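For reference, structure10.cif (mmCIF, N, CA and C atoms):
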```cif
data_protein
loop_
_atom_site.label_atom_id
_atom_site.label_comp_id
_atom_site.auth_asym_id
_atom_site.auth_seq_id
_atom_site.Cartn_x
_atom_site.Cartn_y
_atom_site.Cartn_z
N MET A 1 111.65 4.90 -14.40
CA MET A 1 112.61 4.32 -13.48
C MET A 1 113.84 5.24 -13.41
N ASN A 2 114.26 5.59 -12.21
CA ASN A 2 115.40 6.49 -12.06
C ASN A 2 116.72 5.69 -11.92
N ARG A 3 117.81 6.42 -11.82
CA ARG A 3 119.14 5.78 -11.73
C ARG A 3 119.27 4.88 -10.51
N HIS A 4 118.70 5.33 -9.40
CA HIS A 4 118.78 4.54 -8.17
C HIS A 4 118.07 3.19 -8.35
N ASP A 5 116.88 3.22 -8.93
CA ASP A 5 116.13 1.98 -9.16
C ASP A 5 116.89 1.03 -10.08
N LEU A 6 117.49 1.57 -11.13
CA LEU A 6 118.27 0.74 -12.05
C LEU A 6 119.48 0.14 -11.35
N TRP A 7 120.11 0.92 -10.49
CA TRP A 7 121.27 0.44 -9.74
C TRP A 7 120.88 -0.73 -8.83
N ILE A 8 119.75 -0.60 -8.16
CA ILE A 8 119.26 -1.67 -7.27
C ILE A 8 118.91 -2.91 -8.08
N LEU A 9 118.27 -2.72 -9.22
CA LEU A 9 117.94 -3.84 -10.11
C LEU A 9 119.22 -4.55 -10.57
N LEU A 10 120.24 -3.78 -10.90
CA LEU A 10 121.54 -4.35 -11.29
C LEU A 10 122.14 -5.13 -10.12
N ALA A 11 122.04 -4.59 -8.92
CA ALA A 11 122.57 -5.27 -7.74
C ALA A 11 121.90 -6.63 -7.56
N TYR A 12 120.58 -6.68 -7.74
CA TYR A 12 119.87 -7.96 -7.63
C TYR A 12 120.33 -8.94 -8.71
N ALA A 13 120.50 -8.47 -9.92
CA ALA A 13 120.96 -9.35 -11.01
C ALA A 13 122.36 -9.90 -10.70
N VAL A 14 123.25 -9.02 -10.25
CA VAL A 14 124.62 -9.45 -9.94
C VAL A 14 124.62 -10.42 -8.77
N ALA A 15 123.84 -10.10 -7.72
CA ALA A 15 123.81 -10.97 -6.54
C ALA A 15 123.21 -12.33 -6.86
N VAL A 16 122.07 -12.33 -7.54
CA VAL A 16 121.35 -13.58 -7.76
C VAL A 16 121.98 -14.41 -8.87
N VAL A 17 122.11 -13.83 -10.06
CA VAL A 17 122.63 -14.59 -11.20
C VAL A 17 124.15 -14.73 -11.12
N GLY A 18 124.83 -13.64 -10.82
CA GLY A 18 126.28 -13.71 -10.68
C GLY A 18 126.70 -14.61 -9.55
N GLY A 19 125.92 -14.62 -8.47
CA GLY A 19 126.21 -15.51 -7.35
C GLY A 19 126.07 -16.97 -7.72
N LYS A 20 125.08 -17.30 -8.54
CA LYS A 20 124.93 -18.69 -8.99
C LYS A 20 126.15 -19.12 -9.78
N TRP A 21 126.61 -18.25 -10.67
CA TRP A 21 127.79 -18.57 -11.46
C TRP A 21 129.01 -18.74 -10.55
N LEU A 22 129.19 -17.84 -9.61
CA LEU A 22 130.33 -17.88 -8.70
C LEU A 22 130.32 -19.16 -7.86
N VAL A 23 129.19 -19.48 -7.29
CA VAL A 23 129.09 -20.69 -6.44
C VAL A 23 129.34 -21.93 -7.28
N ASP A 24 128.72 -22.01 -8.45
CA ASP A 24 128.94 -23.16 -9.34
C ASP A 24 130.42 -23.30 -9.71
N PHE A 25 131.04 -22.18 -10.06
CA PHE A 25 132.45 -22.17 -10.44
C PHE A 25 133.33 -22.65 -9.28
N ALA A 26 133.09 -22.10 -8.09
CA ALA A 26 133.91 -22.46 -6.93
C ALA A 26 133.72 -23.93 -6.55
N LEU A 27 132.48 -24.40 -6.57
CA LEU A 27 132.24 -25.78 -6.17
C LEU A 27 132.81 -26.78 -7.17
N THR A 28 132.81 -26.44 -8.45
CA THR A 28 133.41 -27.36 -9.42
C THR A 28 134.92 -27.46 -9.22
N ARG A 29 135.53 -26.42 -8.65
CA ARG A 29 136.98 -26.46 -8.37
C ARG A 29 137.28 -27.31 -7.14
N LEU A 30 136.31 -27.47 -6.25
CA LEU A 30 136.52 -28.23 -5.02
C LEU A 30 136.20 -29.71 -5.16
N VAL A 31 135.36 -30.05 -6.10
CA VAL A 31 134.82 -31.40 -6.20
C VAL A 31 135.63 -32.23 -7.19
N SER A 32 136.07 -33.40 -6.73
CA SER A 32 136.78 -34.31 -7.63
C SER A 32 135.75 -35.08 -8.47
N VAL A 33 136.24 -35.76 -9.47
CA VAL A 33 135.36 -36.55 -10.34
C VAL A 33 134.64 -37.62 -9.53
N ASP A 34 135.36 -38.28 -8.62
CA ASP A 34 134.74 -39.32 -7.78
C ASP A 34 133.67 -38.74 -6.87
N ASP A 35 133.94 -37.58 -6.30
CA ASP A 35 132.97 -36.95 -5.41
C ASP A 35 131.75 -36.47 -6.17
N GLN A 36 131.91 -36.12 -7.43
CA GLN A 36 130.79 -35.63 -8.23
C GLN A 36 129.69 -36.68 -8.35
N VAL A 37 130.07 -37.94 -8.42
CA VAL A 37 129.07 -39.02 -8.51
C VAL A 37 128.20 -39.03 -7.25
N ALA A 38 128.83 -38.90 -6.07
CA ALA A 38 128.08 -38.89 -4.82
C ALA A 38 127.18 -37.65 -4.74
N ILE A 39 127.68 -36.53 -5.21
CA ILE A 39 126.89 -35.29 -5.18
C ILE A 39 125.70 -35.40 -6.11
N ASP A 40 125.91 -35.95 -7.30
CA ASP A 40 124.81 -36.12 -8.24
C ASP A 40 123.74 -37.06 -7.67
N THR A 41 124.16 -38.11 -6.99
CA THR A 41 123.22 -39.04 -6.36
C THR A 41 122.44 -38.33 -5.26
N PHE A 42 123.12 -37.52 -4.47
CA PHE A 42 122.48 -36.76 -3.40
C PHE A 42 121.45 -35.79 -3.98
N ARG A 43 121.81 -35.12 -5.06
CA ARG A 43 120.91 -34.13 -5.68
C ARG A 43 119.67 -34.78 -6.27
N ARG A 44 119.78 -36.02 -6.72
CA ARG A 44 118.63 -36.70 -7.32
C ARG A 44 117.51 -36.93 -6.31
N HIS A 45 117.82 -36.86 -5.02
CA HIS A 45 116.79 -37.04 -3.99
C HIS A 45 115.92 -35.80 -3.84
N GLY A 46 116.38 -34.68 -4.35
CA GLY A 46 115.64 -33.42 -4.22
C GLY A 46 115.01 -33.02 -5.54
N LEU A 47 114.47 -31.82 -5.55
CA LEU A 47 113.88 -31.27 -6.77
C LEU A 47 114.96 -30.97 -7.80
N ARG A 48 114.60 -31.05 -9.06
CA ARG A 48 115.54 -30.69 -10.11
C ARG A 48 115.90 -29.21 -9.94
N ASN A 49 117.18 -28.91 -9.83
CA ASN A 49 117.70 -27.56 -9.61
C ASN A 49 117.19 -26.93 -8.31
N GLY A 50 116.78 -27.77 -7.37
CA GLY A 50 116.26 -27.27 -6.10
C GLY A 50 117.31 -26.47 -5.32
N GLY A 51 118.52 -27.01 -5.22
CA GLY A 51 119.57 -26.32 -4.48
C GLY A 51 119.93 -24.99 -5.10
N ALA A 52 120.03 -24.94 -6.41
CA ALA A 52 120.36 -23.68 -7.11
C ALA A 52 119.25 -22.65 -6.92
N THR A 53 118.00 -23.11 -6.96
CA THR A 53 116.88 -22.20 -6.78
C THR A 53 116.85 -21.65 -5.35
N ILE A 54 117.08 -22.52 -4.38
CA ILE A 54 117.14 -22.07 -2.99
C ILE A 54 118.26 -21.06 -2.82
N GLY A 55 119.41 -21.31 -3.43
CA GLY A 55 120.53 -20.38 -3.34
C GLY A 55 120.19 -19.01 -3.92
N MET A 56 119.50 -19.00 -5.06
CA MET A 56 119.12 -17.72 -5.66
C MET A 56 118.13 -16.97 -4.78
N LEU A 57 117.19 -17.68 -4.20
CA LEU A 57 116.23 -17.05 -3.29
C LEU A 57 116.92 -16.52 -2.03
N GLU A 58 117.86 -17.28 -1.51
CA GLU A 58 118.63 -16.83 -0.34
C GLU A 58 119.39 -15.55 -0.65
N ARG A 59 120.06 -15.51 -1.79
CA ARG A 59 120.82 -14.31 -2.15
C ARG A 59 119.89 -13.11 -2.33
N CYS A 60 118.73 -13.33 -2.87
CA CYS A 60 117.75 -12.25 -3.03
C CYS A 60 117.33 -11.72 -1.66
N LEU A 61 117.03 -12.62 -0.73
CA LEU A 61 116.65 -12.20 0.62
C LEU A 61 117.80 -11.49 1.34
N VAL A 62 118.99 -12.06 1.24
CA VAL A 62 120.14 -11.45 1.92
C VAL A 62 120.40 -10.05 1.37
N LEU A 63 120.36 -9.89 0.06
CA LEU A 63 120.56 -8.57 -0.53
C LEU A 63 119.49 -7.60 -0.04
N THR A 64 118.26 -8.05 0.01
CA THR A 64 117.17 -7.20 0.51
C THR A 64 117.45 -6.76 1.95
N PHE A 65 117.88 -7.69 2.78
CA PHE A 65 118.18 -7.36 4.18
C PHE A 65 119.36 -6.40 4.30
N VAL A 66 120.38 -6.60 3.48
CA VAL A 66 121.54 -5.69 3.52
C VAL A 66 121.11 -4.29 3.09
N LEU A 67 120.37 -4.20 2.01
CA LEU A 67 119.93 -2.89 1.52
C LEU A 67 119.00 -2.19 2.51
N ALA A 68 118.26 -2.99 3.29
CA ALA A 68 117.37 -2.42 4.30
C ALA A 68 118.10 -2.16 5.62
N GLY A 69 119.37 -2.60 5.69
CA GLY A 69 120.14 -2.42 6.93
C GLY A 69 119.72 -3.37 8.04
N ASN A 70 119.07 -4.46 7.68
CA ASN A 70 118.58 -5.44 8.65
C ASN A 70 119.49 -6.67 8.65
N TYR A 71 120.69 -6.50 9.17
CA TYR A 71 121.69 -7.56 9.13
C TYR A 71 121.33 -8.75 10.03
N GLY A 72 120.59 -8.50 11.08
CA GLY A 72 120.19 -9.59 11.97
C GLY A 72 119.33 -10.63 11.28
N ALA A 73 118.55 -10.20 10.30
CA ALA A 73 117.69 -11.14 9.58
C ALA A 73 118.51 -12.15 8.78
N ILE A 74 119.73 -11.79 8.42
CA ILE A 74 120.59 -12.74 7.70
C ILE A 74 120.88 -13.94 8.59
N GLY A 75 121.05 -13.68 9.87
CA GLY A 75 121.25 -14.78 10.82
C GLY A 75 120.07 -15.72 10.87
N LEU A 76 118.87 -15.18 10.69
CA LEU A 76 117.68 -16.03 10.68
C LEU A 76 117.69 -16.96 9.47
N ILE A 77 118.18 -16.48 8.34
CA ILE A 77 118.28 -17.34 7.15
C ILE A 77 119.25 -18.48 7.42
N LEU A 78 120.40 -18.15 8.00
CA LEU A 78 121.39 -19.19 8.33
C LEU A 78 120.81 -20.20 9.31
N ALA A 79 120.12 -19.72 10.33
CA ALA A 79 119.55 -20.62 11.33
C ALA A 79 118.49 -21.52 10.71
N ALA A 80 117.61 -20.93 9.90
CA ALA A 80 116.55 -21.71 9.26
C ALA A 80 117.15 -22.76 8.33
N LYS A 81 118.14 -22.37 7.55
CA LYS A 81 118.74 -23.32 6.63
C LYS A 81 119.45 -24.43 7.39
N GLY A 82 120.11 -24.06 8.48
CA GLY A 82 120.78 -25.06 9.31
C GLY A 82 119.80 -26.08 9.87
N LEU A 83 118.66 -25.60 10.35
CA LEU A 83 117.65 -26.50 10.89
C LEU A 83 117.07 -27.41 9.81
N LEU A 84 116.84 -26.83 8.64
CA LEU A 84 116.26 -27.63 7.56
C LEU A 84 117.25 -28.61 6.95
N ARG A 85 118.50 -28.23 6.87
CA ARG A 85 119.52 -29.07 6.24
C ARG A 85 120.17 -30.07 7.20
N TYR A 86 120.07 -29.83 8.51
CA TYR A 86 120.78 -30.67 9.46
C TYR A 86 120.46 -32.16 9.30
N PRO A 87 119.18 -32.56 9.27
CA PRO A 87 118.91 -34.00 9.11
C PRO A 87 119.47 -34.55 7.81
N GLU A 88 119.40 -33.77 6.78
CA GLU A 88 119.90 -34.18 5.47
C GLU A 88 121.41 -34.41 5.52
N ILE A 89 122.12 -33.48 6.12
CA ILE A 89 123.58 -33.60 6.23
C ILE A 89 123.94 -34.74 7.17
N LYS A 90 123.23 -34.83 8.28
CA LYS A 90 123.52 -35.87 9.27
C LYS A 90 123.33 -37.26 8.68
N ASP A 91 122.31 -37.43 7.87
CA ASP A 91 122.02 -38.74 7.30
C ASP A 91 122.94 -39.15 6.16
N THR A 92 123.68 -38.21 5.59
CA THR A 92 124.54 -38.57 4.47
C THR A 92 125.74 -39.39 4.92
N GLN A 93 126.13 -39.26 6.19
CA GLN A 93 127.30 -39.97 6.70
C GLN A 93 128.53 -39.63 5.87
N ASP A 94 128.54 -38.46 5.28
CA ASP A 94 129.62 -38.10 4.38
C ASP A 94 130.06 -36.67 4.65
N GLN A 95 131.25 -36.52 5.18
CA GLN A 95 131.77 -35.20 5.50
C GLN A 95 131.89 -34.34 4.25
N LYS A 96 132.23 -34.95 3.12
CA LYS A 96 132.38 -34.17 1.89
C LYS A 96 131.07 -33.53 1.47
N MET A 97 129.96 -34.23 1.64
CA MET A 97 128.66 -33.68 1.27
C MET A 97 128.31 -32.51 2.19
N ALA A 98 128.57 -32.68 3.47
CA ALA A 98 128.31 -31.59 4.42
C ALA A 98 129.15 -30.37 4.07
N GLU A 99 130.41 -30.59 3.75
CA GLU A 99 131.29 -29.48 3.38
C GLU A 99 130.83 -28.82 2.08
N TYR A 100 130.39 -29.61 1.13
CA TYR A 100 129.88 -29.10 -0.14
C TYR A 100 128.71 -28.14 0.10
N ILE A 101 127.77 -28.56 0.93
CA ILE A 101 126.60 -27.74 1.23
C ILE A 101 127.01 -26.48 1.98
N LEU A 102 127.89 -26.62 2.96
CA LEU A 102 128.31 -25.46 3.76
C LEU A 102 129.12 -24.46 2.95
N VAL A 103 130.03 -24.94 2.12
CA VAL A 103 130.82 -24.03 1.28
C VAL A 103 129.90 -23.27 0.33
N GLY A 104 128.98 -23.98 -0.29
CA GLY A 104 128.04 -23.32 -1.20
C GLY A 104 127.20 -22.27 -0.50
N THR A 105 126.70 -22.60 0.68
CA THR A 105 125.88 -21.66 1.44
C THR A 105 126.68 -20.43 1.87
N MET A 106 127.85 -20.66 2.45
CA MET A 106 128.65 -19.53 2.94
C MET A 106 129.10 -18.63 1.79
N LEU A 107 129.56 -19.21 0.72
CA LEU A 107 130.00 -18.42 -0.43
C LEU A 107 128.84 -17.61 -1.00
N SER A 108 127.69 -18.23 -1.08
CA SER A 108 126.50 -17.56 -1.61
C SER A 108 126.10 -16.37 -0.74
N LEU A 109 126.08 -16.57 0.57
CA LEU A 109 125.69 -15.49 1.47
C LEU A 109 126.72 -14.37 1.49
N ILE A 110 127.98 -14.72 1.52
CA ILE A 110 129.04 -13.70 1.50
C ILE A 110 128.93 -12.86 0.23
N TRP A 111 128.71 -13.51 -0.91
CA TRP A 111 128.58 -12.80 -2.18
C TRP A 111 127.43 -11.79 -2.10
N ALA A 112 126.28 -12.22 -1.60
CA ALA A 112 125.12 -11.33 -1.53
C ALA A 112 125.38 -10.14 -0.59
N VAL A 113 126.04 -10.39 0.52
CA VAL A 113 126.36 -9.30 1.44
C VAL A 113 127.32 -8.31 0.78
N VAL A 114 128.35 -8.82 0.13
CA VAL A 114 129.32 -7.94 -0.53
C VAL A 114 128.66 -7.11 -1.62
N VAL A 115 127.83 -7.74 -2.44
CA VAL A 115 127.12 -7.00 -3.50
C VAL A 115 126.24 -5.92 -2.87
N GLY A 116 125.55 -6.24 -1.80
CA GLY A 116 124.71 -5.26 -1.13
C GLY A 116 125.49 -4.09 -0.57
N LEU A 117 126.62 -4.38 0.06
CA LEU A 117 127.45 -3.31 0.61
C LEU A 117 128.03 -2.43 -0.49
N LEU A 118 128.45 -3.05 -1.58
CA LEU A 118 128.97 -2.28 -2.72
C LEU A 118 127.88 -1.42 -3.36
N ALA A 119 126.69 -1.98 -3.46
CA ALA A 119 125.56 -1.22 -4.04
C ALA A 119 125.24 -0.01 -3.18
N GLN A 120 125.28 -0.19 -1.87
CA GLN A 120 125.03 0.95 -0.98
C GLN A 120 126.13 1.99 -1.08
N ARG A 121 127.35 1.53 -1.15
CA ARG A 121 128.51 2.44 -1.12
C ARG A 121 128.65 3.23 -2.42
N PHE A 122 128.47 2.56 -3.54
CA PHE A 122 128.77 3.18 -4.83
C PHE A 122 127.54 3.56 -5.66
N GLY A 123 126.38 3.16 -5.21
CA GLY A 123 125.16 3.46 -5.96
C GLY A 123 124.75 4.92 -5.82
N PRO A 124 123.94 5.41 -6.76
CA PRO A 124 123.46 6.79 -6.67
C PRO A 124 122.56 6.96 -5.45
N ALA A 125 122.61 8.11 -4.86
CA ALA A 125 121.79 8.40 -3.70
C ALA A 125 120.31 8.41 -4.06
N LEU A 126 119.50 8.02 -3.12
CA LEU A 126 118.06 8.03 -3.34
C LEU A 126 117.56 9.47 -3.40
N GLY A 127 116.77 9.73 -4.41
CA GLY A 127 116.19 11.06 -4.50
C GLY A 127 116.68 11.86 -5.57
#
```
Turn the structure described in the file into structure tokens.
Amino acid sequence: MNRHDLWILLAYAVAVVGGKWLVDFALTRLVSVDDQVAIDTFRRHGLRNGGATIGMLERCLVLTFVLAGNYGAIGLILAAKGLLRYPEIKDTQDQKMAEYILVGTMLSLIWAVVVGLLAQRFGPALG
């Protein structure tokens, strides 16, 4: 494995694992104790750690698209997630839940894009 490969592997680790930590940290700062009960109830309707797993997969895909220079594909992820999450958000009747999901998604995607751009800018050249 050469330096470039290691750099890309590091970028994936930072984007995926570091992004989970960042999103969790930011969301805990936004959520009050009262709101946490509603969020926990909402999460119980899905898979255990389903949202976190989806977030990690999204960051992995976004980083891949950034590194490949395929920025338009990031829009497809946003569109697909919006279509899949819309009924869920609409049915909650709770603006806070919708904001929680949107903040987590946007922060996660922004993090992956930034990590990808930094990896391209500062990583060793291929070859």
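In this model, the gap between atom N of Arg48 of chain A and atom C of Val33 of chain A comes to 21.1 Å.
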Enclose all atoms of segment 2-9 of chain A listed in the file in an axis-aligned box, grow every side by 4 Å, and hand back centre and edge lengths in Å to one decimal, as JSON.
```
{"center_x": 117.8, "center_y": 1.0, "center_z": -9.7, "size_x": 15.0, "size_y": 19.0, "size_z": 12.9}
```
| field | One-decimal distance in Å that lies between atom C of Thr28 of chain A and atom N of Lys81 of chain A | value |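 Going from atom N of Lys81 of chain A over to atom C of Thr28 of chain A covers 24.3 Å.
Ranking A:Gly18, A:Gly82, A:Gly69, A:Gly46 by their shortest atom-to-atom distance to Ser108 of chain A, with only C-alpha atoms included, puts A:Gly18 first.
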| Gap from atom N of Glu99 of chain A to atom CA of Ala11 of chain A - Å, one decimal |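 Answer for the atom N of Glu99 of chain A to atom CA of Ala11 of chain A separation: 28.9 Å.
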| query | Given the file above and the PyMOL selection byres (((chain A and resi 74 and name CA) around 10) and name CA), which residues are selected, and can you give them as a VMD selection string? | reply | chain A and resid 58 to 59 61 to 66 70 to 73 75 to 80 109 113
| said: Please list as a VMD selection string every residue within 9 Å of Ala125 of chain A, counting only C-alpha atoms and excluding residues in the same chain fewer than 4 positions away. | reply: chain A and resid 3 to 4 120
| request: Step by step, work through what the PyMOL selection byres (((chain A and resi 23 and name CA) around 10) and name CA) selects in the shown file, and finish by giving those residues as a ChimeraX atom specification. | output: /A:18-22,24-29,52,55,103-108,111
| field | Nearest residue to Cys60 of chain A from the set A:Asp40, A:Asp34, A:Tyr12, A:Leu117 (distances using only N, CA and C atoms) | value | A:Tyr12
| query | Between A:Ala119, A:Leu67, A:Ala98, A:Ala38, which is the closest to Leu6 of chain A once you count only C-alpha atoms? | reply |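 Distance minimum relative to Leu6 of chain A lands on A:Ala119.
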